[in-house]
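A.B. asks: So that we are looking at the same thing, I have put the structure below in C-alpha cells.
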Amino acid sequence: MWVDWFLALRILRDARMQTLLITAGVAAGVTVMVFLSSLMTGLQVNLLHKTLGTQAHVVVRPAEERARPLLGDAVVRRVEATAQRTRSIDGWQQLLTALDAEPEVQAVSPSAAAPVFAVRGNGTEAVAVKGIVPGRFAGVIEMTEHIVAGEWTVADRGAVIGVGLAARLGVAVGDRLRLQAVDGTSELFDVRGLFDVGNKAANDVWVLVALRDAQTLLDLPGGVSSIELRVADSFAAEALAARLRGRTGLEVESWMAANAELLTALRSQASSSAVIQVFVILAVAI
C-alpha cells in the first residue's frame with residue numbers, strides 16, 4: 001500500500017502543472033454539476049409551489065351524469081353529453097371521516113362550489129363561489145399567508161375574495177357584495193379579507209364563503225360538491241386517486257392528472273439534468 005502512495009505523491013510532485021490542470025478540471029466539473037443540480041431543483045420546486053399553492057392534491061366529486069341508451073330498435077348516431085348540474089356527494093360525511101383516517105392524507109376539506117355572478121353596483125362579474133370550512137380549507141391550501149388586507153374569516157356572511165376581483169368591482173374590505181346564482185337566488189356578503197395567491201385565475205374569480213352560506217345560495221342543503229385532499233407525498237397523489245376511484249365509484253382527480261403537461265415537462269427537465277451531469281463526469285474523466 002505504501003508503494004502506491006509513494007508513486008502517487010511522486011507523480012503529483014514531478015508533474016505539478018499537470019496536477020494543477022487536473023485539479024482545476026475536477027473542481028470546474030464539480031462546480032458545474034452542483035450549479036446545474038441546484039438550478040434544476042430550484043426550478044422544479046418553484047413550479048410545484050406555484051401549481052400546488054392554489055390546488056388540492058386530490059379532488060373527489062360526484063360521478064358525472066351520463067345519457068342513458070334508448071330502449072328498443074332505435075339507432076342513435078350521436079349521444080349528447082348530459083348537462084352537468086351542481087350535485088352533492090352521497091354520504092359525504094361518512095366519506096369525510098374515512099378520508100381523515102387515511103394515513104397518507106394530511107388534510108381534508110369539504111366544499112360547495114359553483115359558478116355564480118358577483119354584483120356590485122352596475123358591475124357584474126362571473127365568479128366561482130366556494131363554500132368552505134376555514135380551518136379545514138387552510139390545511140389543504142394555506143390562505144393565511146396570502147391575506148393582504150382584512151382577515152381570514154368568513155363568519156356571519158363574510159367573504160374573502162381575490163385582489164383581481166376586488167379591483168375589477170371596486171370592492172374593499174368592509175364593503176358588501178351580492179352573489180347571484182344561475183337560478184336567480186342572491187345573497188349579500190360582507191367582504192372581510194382580500195387575498196393574493198400569486199395565481200391570476202384564482203385572484204380574479206375565487207369568492208370564499210362559509211360552507212352553510214354556499215349551500216343556501218346554491219340550493220344544496222346539507223351537501224357538498226367536492227372534497228379536497230392534501231397528501232404527505234404530492235407525487236403519490238395519483239395512486240391515492242386511483243384507489244379512491246375504485247373504492248367509491250366517484251370522480252377522483254389528482255393534480256398529476258390535471259397537470260399532465262407540467263408533469264411531463266418536469267420529468268423531461270430531470271432527464272436533461274441527468275444527461276448533462278453524465279457528460280460533465282465523462283469530460284472530467286477524460
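Letters for chains follow the order of the C-alpha cells (A, B, ...), residue numbers begin at 1 for each chain, and ligand numbers begin at 1 in the order shown.
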Could you give me, as a Markdown table, every range 166-217 of chain A residue with an atom at most 6 Å from range 129-146 of chain A, plus its closest atom pair and distance in Å to one decimal, counting only C-alpha atoms, rows ordered by chain then number?

C.D. replies:
| residue | atom | partner | partner_atom | distance |
| --- | --- | --- | --- | --- |
| A:Phe195 | CA | A:His146 | CA | 5.3 |
| A:Asp196 | CA | A:His146 | CA | 5.4 |
| A:Val197 | CA | A:His146 | CA | 5.6 |
| A:Val207 | CA | A:Val129 | CA | 4.7 |
| A:Leu208 | CA | A:Lys130 | CA | 5.0 |
| A:Val209 | CA | A:Gly131 | CA | 4.9 |
| A:Ala210 | CA | A:Gly131 | CA | 5.0 |
| A:Leu211 | CA | A:Gly131 | CA | 3.9 |
| A:Ala214 | CA | A:Gly131 | CA | 4.8 |

A.B. asks: Next, write the just-selected residues to a file, as a compact mmCIF listing (two decimals), in the first residue's frame, keeping N, CA, C and O atoms as the atom set.

C.D. replies:
# COMPACT_ATOMS: atom_id res chain seq x y z
N PHE A 195 -57.19 38.39 -0.74
CA PHE A 195 -56.01 37.51 -0.83
C PHE A 195 -55.32 37.68 -2.17
O PHE A 195 -55.92 38.09 -3.16
N ASP A 196 -54.05 37.34 -2.17
CA ASP A 196 -53.24 37.31 -3.39
C ASP A 196 -52.40 36.05 -3.33
O ASP A 196 -51.40 35.98 -2.61
N VAL A 197 -52.83 35.03 -4.08
CA VAL A 197 -52.14 33.74 -4.05
C VAL A 197 -51.11 33.61 -5.15
O VAL A 197 -50.53 32.54 -5.34
N VAL A 207 -64.32 33.41 -4.80
CA VAL A 207 -65.04 34.06 -3.70
C VAL A 207 -65.25 32.99 -2.64
O VAL A 207 -66.01 32.03 -2.86
N LEU A 208 -64.59 33.12 -1.52
CA LEU A 208 -64.66 32.12 -0.45
C LEU A 208 -65.67 32.57 0.60
O LEU A 208 -65.57 33.68 1.14
N VAL A 209 -66.64 31.71 0.88
CA VAL A 209 -67.67 32.00 1.88
C VAL A 209 -67.81 30.77 2.78
O VAL A 209 -67.20 29.73 2.54
N ALA A 210 -68.64 30.90 3.81
CA ALA A 210 -68.87 29.77 4.71
C ALA A 210 -69.63 28.67 3.98
O ALA A 210 -70.45 28.94 3.10
N LEU A 211 -69.36 27.44 4.34
CA LEU A 211 -69.99 26.29 3.69
C LEU A 211 -71.51 26.37 3.77
O LEU A 211 -72.19 26.16 2.76
N ALA A 214 -72.90 28.95 1.32
CA ALA A 214 -72.85 28.48 -0.07
C ALA A 214 -73.92 27.43 -0.33
O ALA A 214 -74.53 27.40 -1.41

A.B. asks: Give me every strand (DSSP E or B) residue in range 100-280 of chain A, going by DSSP on the backbone, as a VMD selection string.

C.D. replies: chain A and resid 105 to 120 123 to 132 147 to 150 158 to 162 176 to 180 186 to 195 206 to 210 226 to 231 251 to 254

A.B. asks: Write the residues of the selection above to a file with C-alpha atoms, as a JSON list (two decimals), in the first residue's frame.

C.D. replies:
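Once everything was written out, this is result.json:
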[["chain", "number", "residue", "atom", "x", "y", "z"],
["A", 105, "VAL", "CA", -53.79, 12.18, 3.93],
["A", 106, "GLN", "CA", -52.73, 15.33, 5.79],
["A", 107, "ALA", "CA", -55.88, 17.43, 5.41],
["A", 108, "VAL", "CA", -59.43, 17.03, 4.07],
["A", 109, "SER", "CA", -61.73, 19.91, 3.15],
["A", 110, "PRO", "CA", -65.38, 19.66, 2.02],
["A", 111, "SER", "CA", -66.68, 22.45, -0.21],
["A", 112, "ALA", "CA", -69.78, 23.55, -2.08],
["A", 113, "ALA", "CA", -68.67, 25.31, -5.25],
["A", 114, "ALA", "CA", -70.30, 26.54, -8.44],
["A", 115, "PRO", "CA", -70.13, 29.45, -10.90],
["A", 116, "VAL", "CA", -72.24, 32.46, -9.89],
["A", 117, "PHE", "CA", -72.34, 36.20, -10.57],
["A", 118, "ALA", "CA", -70.83, 38.84, -8.30],
["A", 119, "VAL", "CA", -72.81, 42.09, -8.45],
["A", 120, "ARG", "CA", -71.56, 45.42, -7.16],
["A", 123, "GLY", "CA", -70.72, 45.92, -12.26],
["A", 124, "THR", "CA", -71.22, 42.19, -12.73],
["A", 125, "GLU", "CA", -68.53, 39.55, -12.87],
["A", 126, "ALA", "CA", -68.70, 35.79, -13.39],
["A", 127, "VAL", "CA", -67.00, 34.22, -10.39],
["A", 128, "ALA", "CA", -66.56, 30.85, -8.70],
["A", 129, "VAL", "CA", -68.05, 30.76, -5.22],
["A", 130, "LYS", "CA", -66.57, 28.18, -2.88],
["A", 131, "GLY", "CA", -68.23, 27.37, 0.42],
["A", 132, "ILE", "CA", -65.61, 26.16, 2.89],
["A", 147, "ILE", "CA", -54.18, 37.61, 3.03],
["A", 148, "VAL", "CA", -53.08, 41.12, 2.01],
["A", 149, "ALA", "CA", -55.96, 43.11, 3.55],
["A", 150, "GLY", "CA", -58.53, 42.41, 6.24],
["A", 158, "GLY", "CA", -68.43, 37.10, 5.40],
["A", 159, "ALA", "CA", -66.49, 36.61, 2.17],
["A", 160, "VAL", "CA", -62.82, 36.59, 1.26],
["A", 161, "ILE", "CA", -62.06, 37.48, -2.37],
["A", 162, "GLY", "CA", -59.04, 37.85, -4.64],
["A", 176, "ARG", "CA", -70.89, 44.49, 0.66],
["A", 177, "LEU", "CA", -71.04, 42.17, -2.32],
["A", 178, "ARG", "CA", -74.07, 40.43, -3.79],
["A", 179, "LEU", "CA", -73.69, 36.91, -5.16],
["A", 180, "GLN", "CA", -76.35, 35.66, -7.56],
["A", 186, "SER", "CA", -78.98, 36.00, -4.42],
["A", 187, "GLU", "CA", -77.34, 36.73, -1.07],
["A", 188, "LEU", "CA", -75.43, 39.69, 0.36],
["A", 189, "PHE", "CA", -71.96, 39.16, 1.84],
["A", 190, "ASP", "CA", -69.56, 41.41, 3.71],
["A", 191, "VAL", "CA", -66.02, 41.45, 2.30],
["A", 192, "ARG", "CA", -63.81, 40.51, 5.25],
["A", 193, "GLY", "CA", -60.50, 39.99, 3.51],
["A", 194, "LEU", "CA", -58.54, 40.14, 0.25],
["A", 195, "PHE", "CA", -56.01, 37.51, -0.83],
["A", 206, "TRP", "CA", -62.47, 32.99, -6.30],
["A", 207, "VAL", "CA", -65.04, 34.06, -3.70],
["A", 208, "LEU", "CA", -64.66, 32.12, -0.45],
["A", 209, "VAL", "CA", -67.67, 32.00, 1.88],
["A", 210, "ALA", "CA", -68.87, 29.77, 4.71],
["A", 226, "SER", "CA", -66.40, 18.23, -3.76],
["A", 227, "ILE", "CA", -63.91, 17.06, -1.15],
["A", 228, "GLU", "CA", -60.33, 18.28, -1.48],
["A", 229, "LEU", "CA", -57.32, 16.44, -0.06],
["A", 230, "ARG", "CA", -53.72, 17.22, 0.71],
["A", 231, "VAL", "CA", -51.34, 14.26, 0.96],
["A", 251, "GLU", "CA", -64.91, 11.06, -9.90],
["A", 252, "VAL", "CA", -61.47, 11.39, -8.30],
["A", 253, "GLU", "CA", -58.78, 13.54, -9.94],
["A", 254, "SER", "CA", -55.23, 14.15, -8.79]]

A.B. asks: With distances taken over only C-alpha atoms, which of A:Thr216, A:Gly198, A:Val60, A:Pro221 is nearest to Leu96 in chain A?

C.D. replies: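 Residue with the minimum atom-to-atom distance to Leu96 in chain A: A:Val60.
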
A.B. asks: Measure the distance from CA of Gly164 in chain A to CA of Asn199 in chain A in Å and round it to one decimal.

C.D. replies: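 CA of Asn199 in chain A lies 9.8 Å from CA of Gly164 in chain A.
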
A.B. asks: By how many Å are CA of Lys200 in chain A and CA of Leu169 in chain A apart?

C.D. replies: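 Between CA of Lys200 in chain A and CA of Leu169 in chain A the gap works out to 15.4 Å.
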
A.B. asks: Find the spatial neighbours of range 241-249 of chain A, counting only C-alpha atoms, within a cut-off of 12 Å - ignore same-chain residues fewer than 6 positions away - and output them as a PyMOL selection string.

C.D. replies: chain A and resi 56-64+89-92+94-95+98-99+102+104-105+227-231+234-235+255-258

A.B. asks: When you count only C-alpha atoms, which of these residues is closest to Asp183 in chain A: A:Asp156, A:Asp219, A:Glu151, A:Asp204?

C.D. replies: A:Asp219
